[in-house]
Amino acid sequence: MYQITCPHCGPRAQTEFTYERTTDSVVDPAGDTHAAMQALYTRANPMGLDDEIWRHTYGCRAWMVLTRHRVTHEIRAVKAIGPEALP
Amino acid sequence: MKTPYSAFSLLRGALNGQKHWEPAWRDPEPRASYDVIIIGGGGHGLATAYYLAKVHGIRNVAVLEKSWIGGGNVGRNTTLVRSNYRLPQLHNFFEFGLKLWHNLSDDLNYNVMFSPRGAMFLGHNDGDMIKLAERGDAMRCDGIDAELLTPKQIAKIEPLLDLSRGARFPIDGALIQWRAGTARHDAVAWGYARAADALGVDIIQKCEVTGFVKDGNRITGVETTRGRILAGRTGICVAGHSGHVAGLAGLRLPIESQTLQALVTEGVKPMVQSVIMSQSLHFYVSQSDKGGIVMGGDPDNWPSYARRGQPTIKEHAIAQAVTCMPALSRLRMLRTWSGVTDMSFDGSPIIGPSPIDGLYLNAGWCYGGFKATPASGWTYAHTLATGKPHELNAPFSLERFMTGATIDETSVGPFPNHR
Ligand SMILES: Cc1cc2nc3c(=O)[nH]c(=O)nc-3n(C[C@H](O)[C@H](O)[C@H](O)COP(=O)(O)OP(=O)(O)OC[C@H]3O[C@@H](n4cnc5c(N)ncnc54)[C@H](O)[C@@H]3O)c2cc1C
Ligand SMILES: [Zn+2]
């Protein structure tokens with residue numbers, strides 16, 4: 001367990017946050033069916049850094065993007081995002 | 001041929017100080033090429049190699065393992081073996097495996113300590129009981145044993161469960177599969193390894209696959225930390241590392257890797273007779289043959305390859321287990337550990353050809369692939385030998401995610417957290 005620095009609330013326990021999906025797996029409403037299926041059902045799932053959408057669900061409830069390493073759990077960057085980043 | 005393990009060879013060994021035992025498998029140098037390469041020396045990879053050699057007569061086979069065999073999830077799981085799934089594709093597949101489990105020690109000449117002690121799923125309300133009854137009916141329609149138990153019947157099997165009406169989570173009944181149980185996980189890896197090796201399979205440890213050799217849209221071999229090895233057919237079988245290894249071939253899979261934890265208490269006299277699970281409360285409990293109480297719960301619900309879990313997840317499973325069986329609160333935790341699980345996007349596995357020629361996939365076992373080891377090995381061997389799926393793994397194709405034919409036991413939808 002570690003801390004995630006919410007852009008709005010500062011450092012908080014990870015248990016206050018939930019993981020949603022990676023930024024490259026958001027369905028583009030303007031895209032075709034194949035692209036939507038790819039976004040819904042496939043992941044790069046790298047043993048390294050990925051850009052992940054998390055939510056401060058049990059805090060301020062805002063969405064953010066974490067650039068996070070999936071082996072070391074290092075959080076390289078946290079970026080606040082608006083509602084336009086999700087479908 | 002190696003000396004078979006038997007009471008006789010043990011007695012004979014007693015005369016010469018047990019000095020006649022040989023290593024259970026060889027430690028060969030990799031050859032330049034094989035008919036089939038299996039990437040990953042977990043339970044599934046070793047079982048696949050064994051059935052390729054035994055059932056299909058294909059013995060020019062290598063199993064490449066990046067660390068040591070049995071160091072992955074096959075040696076980290078909580079050893080529950082059952083076939084009590086609702087959907088026919090799943091219960092028929094797992095039931096085929098369960099039948100193999102019942103004869104596995106004899107078949108491998110290795111005691112895997114399979115112990116069919118019964119696995120019960122608890123129901124805590126009307127909704128749970130309806131779902132359990134439906135699941136039991138679905139199983140019985142395909143000839144698989146399932147029996148609904150009343151609280152009175154449960155009390156006879158598990159007297160330490162809190163069956164009072166005042167319980168925090170009242171127990172209204174359970175669905176038991178008597179032929180389900182547990183096995184010794186390490187023995188499964190070692191037994192398959194020894195039996196495959198005896199048939200000529202090369203088990204090559206400390207050999208990590210780092211890339212693929214490609215010829216147009218065909219994989220013709222692998223790059224490894226011990227050099228390039230060519231193959232007629234290559235099978236990925238790396239469980240939690242499926243996303244990473246498939247990624248080396250340029251594939252994106254319907255899989256995300258998550259940490260799954262488990263724990264064991266100090267050893268005590270028999271107090272849990274069966275395997276107790278609650279899908280509503282997200283915990284399960286059994287007692288190992290050594291006496292330790294083995295417990296587990298949900299995966300840590302975010303991507304990780306770290307084999308390090310959050311304490312809160314364990315706490316949750318322990319709290320639920322203690323609520324249902326208060327006597328557990330007196331035990332001390334001995335060890336906890338975790339493994340990287342390959343969480344698929346419908347909760348079911350993928351076994352079959354990949355979009356790249358010569359490359360095959362066995363992945364997406366979530367937290368439930370130990371029980372599948374024999375069936376997975378059997379059907380994957382068939383697929384690798386013939387190039388086509390066996391009828392039991394035909395539904396578990398990679399294409400199903402794109403065509404909408406997902407096998408979604410818990411109706412969760414396109415997320416890697418089916419439970
Ligand atoms: C805590 C826990 C509890 C579980 N409980 C149960 C249970 O009760 N019942 C049940 O049915 N299932 C259970 N499971 C799931 C089950 O353990 C797995 O689904 C199953 O073991 C996966 O198949 P495997 O044995 O082949 O995997 P593994 O043993 O993980 O084998 C994969 C192998 O591939 C190797 N590998 C990875 N990358 C490479 C590479 N690049 N090159 C070469 N080799 C590589 C790894 O080192 C590993 O040895 C549990 C899992 C965990 C973690
Ligand atoms: Zn916040």
# chains A, B, ... in the order shown; residues from 1 in each chain; ligands from 1

call {"tool": "closest_atom_pairs", "arguments": {"of": "chain A", "to": "ligand 2", "cutoff": "9 Å", "atoms": "only C-alpha atoms and all ligand atoms", "output": "tab-separated table"}}
result
residue	atom	partner	partner_atom_place_in_ligand_line	distance
A:Thr5	CA	ligand 2	1 (Zn)	8.1
A:Cys6	CA	ligand 2	1 (Zn)	4.8
A:Pro7	CA	ligand 2	1 (Zn)	6.5
A:His8	CA	ligand 2	1 (Zn)	4.9
A:Cys9	CA	ligand 2	1 (Zn)	4.3
A:Gly10	CA	ligand 2	1 (Zn)	7.0
A:Pro11	CA	ligand 2	1 (Zn)	8.7
A:Arg12	CA	ligand 2	1 (Zn)	8.0
A:Glu16	CA	ligand 2	1 (Zn)	8.8
A:Phe17	CA	ligand 2	1 (Zn)	8.7
A:Arg55	CA	ligand 2	1 (Zn)	8.1
A:His56	CA	ligand 2	1 (Zn)	5.1
A:Thr57	CA	ligand 2	1 (Zn)	8.0
A:Tyr58	CA	ligand 2	1 (Zn)	8.3
A:Gly59	CA	ligand 2	1 (Zn)	5.1
A:Cys60	CA	ligand 2	1 (Zn)	4.1
A:Arg61	CA	ligand 2	1 (Zn)	6.2
A:Ala62	CA	ligand 2	1 (Zn)	5.9
A:Trp63	CA	ligand 2	1 (Zn)	8.4

call {"tool": "write_last_selection", "arguments": {"atoms": "N, CA, C and O atoms", "output": "compact mmCIF listing (two decimals), in the first residue's frame"}}
result
# COMPACT_ATOMS: atom_id res chain seq x y z
N THR A 5 -0.71 11.11 -4.54
CA THR A 5 -0.91 12.55 -4.33
C THR A 5 -2.01 13.04 -5.25
O THR A 5 -1.82 13.22 -6.45
N CYS A 6 -3.19 13.22 -4.69
CA CYS A 6 -4.32 13.74 -5.45
C CYS A 6 -4.03 15.20 -5.81
O CYS A 6 -3.59 15.97 -4.95
N PRO A 7 -4.25 15.60 -7.07
CA PRO A 7 -3.97 16.99 -7.46
C PRO A 7 -4.80 17.98 -6.65
O PRO A 7 -4.45 19.16 -6.56
N HIS A 8 -5.91 17.52 -6.06
CA HIS A 8 -6.78 18.44 -5.34
C HIS A 8 -6.61 18.33 -3.83
O HIS A 8 -6.77 19.30 -3.11
N CYS A 9 -6.31 17.12 -3.30
CA CYS A 9 -6.33 16.89 -1.86
C CYS A 9 -4.95 16.65 -1.27
O CYS A 9 -4.80 16.54 -0.06
N GLY A 10 -3.92 16.47 -2.12
CA GLY A 10 -2.60 16.14 -1.59
C GLY A 10 -2.46 14.64 -1.33
O GLY A 10 -3.29 13.85 -1.77
N PRO A 11 -1.40 14.25 -0.59
CA PRO A 11 -1.13 12.82 -0.40
C PRO A 11 -2.22 12.13 0.42
O PRO A 11 -2.58 12.61 1.50
N ARG A 12 -2.74 11.05 -0.10
CA ARG A 12 -3.79 10.28 0.59
C ARG A 12 -3.50 8.80 0.45
O ARG A 12 -2.83 8.37 -0.49
N GLU A 16 -8.12 5.03 -0.73
CA GLU A 16 -9.18 6.00 -1.06
C GLU A 16 -9.41 6.08 -2.57
O GLU A 16 -10.35 6.72 -3.03
N PHE A 17 -8.53 5.43 -3.34
CA PHE A 17 -8.57 5.58 -4.80
C PHE A 17 -9.02 4.28 -5.47
O PHE A 17 -8.80 3.19 -4.94
N ARG A 55 -9.39 7.26 -9.84
CA ARG A 55 -10.35 8.20 -9.30
C ARG A 55 -10.18 8.28 -7.78
O ARG A 55 -10.01 7.24 -7.13
N HIS A 56 -10.25 9.47 -7.23
CA HIS A 56 -10.20 9.63 -5.78
C HIS A 56 -11.62 9.38 -5.23
O HIS A 56 -12.26 10.28 -4.68
N THR A 57 -12.06 8.14 -5.39
CA THR A 57 -13.46 7.77 -5.16
C THR A 57 -13.93 8.06 -3.73
O THR A 57 -15.03 8.54 -3.51
N TYR A 58 -13.08 7.73 -2.77
CA TYR A 58 -13.48 7.93 -1.37
C TYR A 58 -12.85 9.19 -0.81
O TYR A 58 -12.43 9.25 0.34
N GLY A 59 -12.73 10.21 -1.67
CA GLY A 59 -12.19 11.51 -1.29
C GLY A 59 -12.97 12.56 -2.04
O GLY A 59 -14.19 12.63 -1.95
N CYS A 60 -12.26 13.31 -2.91
CA CYS A 60 -12.93 14.38 -3.64
C CYS A 60 -13.64 13.89 -4.90
O CYS A 60 -14.33 14.65 -5.56
N ARG A 61 -13.47 12.64 -5.25
CA ARG A 61 -14.14 11.97 -6.37
C ARG A 61 -13.68 12.45 -7.75
O ARG A 61 -14.32 12.15 -8.75
N ALA A 62 -12.55 13.15 -7.79
CA ALA A 62 -12.06 13.63 -9.09
C ALA A 62 -11.28 12.53 -9.80
O ALA A 62 -10.72 11.63 -9.17
N TRP A 63 -11.26 12.60 -11.15
CA TRP A 63 -10.47 11.69 -11.98
C TRP A 63 -9.08 12.25 -12.19
O TRP A 63 -8.90 13.46 -12.18

call {"tool": "interface_residues", "arguments": {"of": "chain B", "to": "chain A", "cutoff": "6 Å", "atoms": "only C-alpha atoms", "output": "list in words"}}
result
Gly243, His244, Arg252, Leu253, Pro254, Glu256, Trp302, Ser304, Tyr305, Ala306 and Gln310 of chain B

call {"tool": "residues_near_ligand", "arguments": {"ligand": "ligand 1", "cutoff": "7 Å", "atoms": "only C-alpha atoms and all ligand atoms", "output": "number ranges by chain"}}
result
B: 39-45, 64-81, 207-210, 237-241, 245, 259-262, 296, 337-341, 365-373

call {"tool": "residues_around", "arguments": {"residues": "Asn125 in chain B", "least_positions_apart": "2", "cutoff": "9 Å", "atoms": "only C-alpha atoms", "output": "ChimeraX atom specification"}}
result
/B:123,127-130,169-173

call {"tool": "write_last_selection", "arguments": {"atoms": "C-alpha atoms", "output": "short mmCIF file (atom, residue, chain, number, x, y, z; two decimals), in the first residue's frame"}}
result
data_model
loop_
_atom_site.label_atom_id
_atom_site.label_comp_id
_atom_site.auth_asym_id
_atom_site.auth_seq_id
_atom_site.Cartn_x
_atom_site.Cartn_y
_atom_site.Cartn_z
CA GLY B 123 -25.36 -18.83 0.66
CA GLY B 127 -30.65 -14.37 -3.72
CA ASP B 128 -27.53 -16.41 -2.96
CA MET B 129 -29.56 -19.61 -2.52
CA ILE B 130 -31.37 -19.12 -5.84
CA PHE B 169 -23.89 -12.97 7.81
CA PRO B 170 -26.47 -15.71 8.45
CA ILE B 171 -25.79 -18.94 6.56
CA ASP B 172 -28.96 -20.10 4.79
CA GLY B 173 -27.43 -23.08 3.05
#

call {"tool": "atom_distance", "arguments": {"atom1": "CA of Ala317 in chain B", "atom2": "CA of Ser288 in chain B"}}
result
17.7 Å

call {"tool": "closest_residue", "arguments": {"among": "B:Leu199, B:Leu175, B:Leu90, B:Ile154", "to": "Asp346 in chain B", "atoms": "only C-alpha atoms"}}
result
B:Leu90

call {"tool": "residues_around", "arguments": {"residues": "Gln287 in chain B", "least_positions_apart": "5", "cutoff": "9 Å", "atoms": "only C-alpha atoms", "output": "CSV table (one decimal) with N, CA, C and O atoms, in the first residue's frame"}}
result
chain,number,residue,atom,x,y,z
B,264,VAL,N,-1.5,-18.3,5.4
B,264,VAL,CA,-1.7,-19.5,6.1
B,264,VAL,C,-1.4,-19.3,7.6
B,264,VAL,O,-0.5,-18.4,7.9
B,267,GLY,N,-0.1,-24.3,12.3
B,267,GLY,CA,-0.8,-25.6,12.2
B,267,GLY,C,-1.5,-26.0,13.4
B,267,GLY,O,-1.1,-25.8,14.5
B,268,VAL,N,-2.7,-26.5,13.2
B,268,VAL,CA,-3.6,-26.9,14.4
B,268,VAL,C,-4.2,-28.2,14.0
B,268,VAL,O,-4.2,-28.7,12.9
B,270,PRO,N,-7.3,-30.9,13.2
B,270,PRO,CA,-8.3,-30.7,12.2
B,270,PRO,C,-9.5,-29.9,12.7
B,270,PRO,O,-10.0,-30.2,13.7
B,271,MET,N,-9.8,-28.8,12.0
B,271,MET,CA,-10.9,-27.9,12.4
B,271,MET,C,-11.8,-27.5,11.2
B,271,MET,O,-12.9,-27.1,11.4
B,272,VAL,N,-11.2,-27.6,10.0
B,272,VAL,CA,-12.0,-27.3,8.8
B,272,VAL,C,-11.9,-28.5,7.9
B,272,VAL,O,-10.8,-29.0,7.5
B,273,GLN,N,-13.1,-29.2,7.7
B,273,GLN,CA,-13.1,-30.5,7.1
B,273,GLN,C,-13.1,-30.3,5.5
B,273,GLN,O,-12.5,-31.2,4.8
B,274,SER,N,-13.8,-29.3,5.0
B,274,SER,CA,-14.0,-29.2,3.6
B,274,SER,C,-13.3,-28.0,3.1
B,274,SER,O,-12.4,-27.4,3.8
B,275,VAL,N,-13.6,-27.5,1.9
B,275,VAL,CA,-13.2,-26.2,1.5
B,275,VAL,C,-14.4,-25.3,1.6
B,275,VAL,O,-15.5,-25.7,1.1
B,292,GLY,N,-2.2,-26.2,8.8
B,292,GLY,CA,-2.4,-24.7,8.6
B,292,GLY,C,-3.7,-24.4,8.0
B,292,GLY,O,-4.2,-25.1,7.1
B,293,ILE,N,-4.3,-23.3,8.4
B,293,ILE,CA,-5.6,-22.8,7.8
B,293,ILE,C,-5.2,-21.9,6.7
B,293,ILE,O,-4.5,-20.9,6.9
B,294,VAL,N,-5.5,-22.3,5.5
B,294,VAL,CA,-5.2,-21.5,4.3
B,294,VAL,C,-6.4,-20.6,3.9
B,294,VAL,O,-7.5,-21.1,3.9
B,295,MET,N,-6.1,-19.3,3.7
B,295,MET,CA,-7.2,-18.4,3.4
B,295,MET,C,-6.8,-17.5,2.3
B,295,MET,O,-5.7,-17.1,2.1

call {"tool": "select_by_dssp", "arguments": {"residues": "range 104-340 of chain B", "states": "helix (DSSP H, G or I)", "output": "PyMOL selection string"}}
result
chain B and resi 104-108+126-141+151-157+185-198+239-248+311-324+326-330

call {"tool": "select_by_dssp", "arguments": {"residues": "chain A", "states": "strand (DSSP E)", "output": "PyMOL selection string"}}
result
chain A and resi 3-6+10-13+18-22+49-55+63-69+75-80

call {"tool": "closest_residue", "arguments": {"among": "B:Ile219, B:Ile351, B:Ala62, B:Ile255", "to": "Glu29 in chain B", "atoms": "only C-alpha atoms"}}
result
B:Ala62

call {"tool": "closest_residue", "arguments": {"among": "B:Thr182, B:Gln320, B:Thr150, B:Ser6", "to": "Phe283 in chain B", "atoms": "only C-alpha atoms"}}
result
B:Gln320

call {"tool": "atom_distance", "arguments": {"atom1": "CA of Gly57 in chain B", "atom2": "CA of Arg218 in chain B"}}
result
24.2 Å
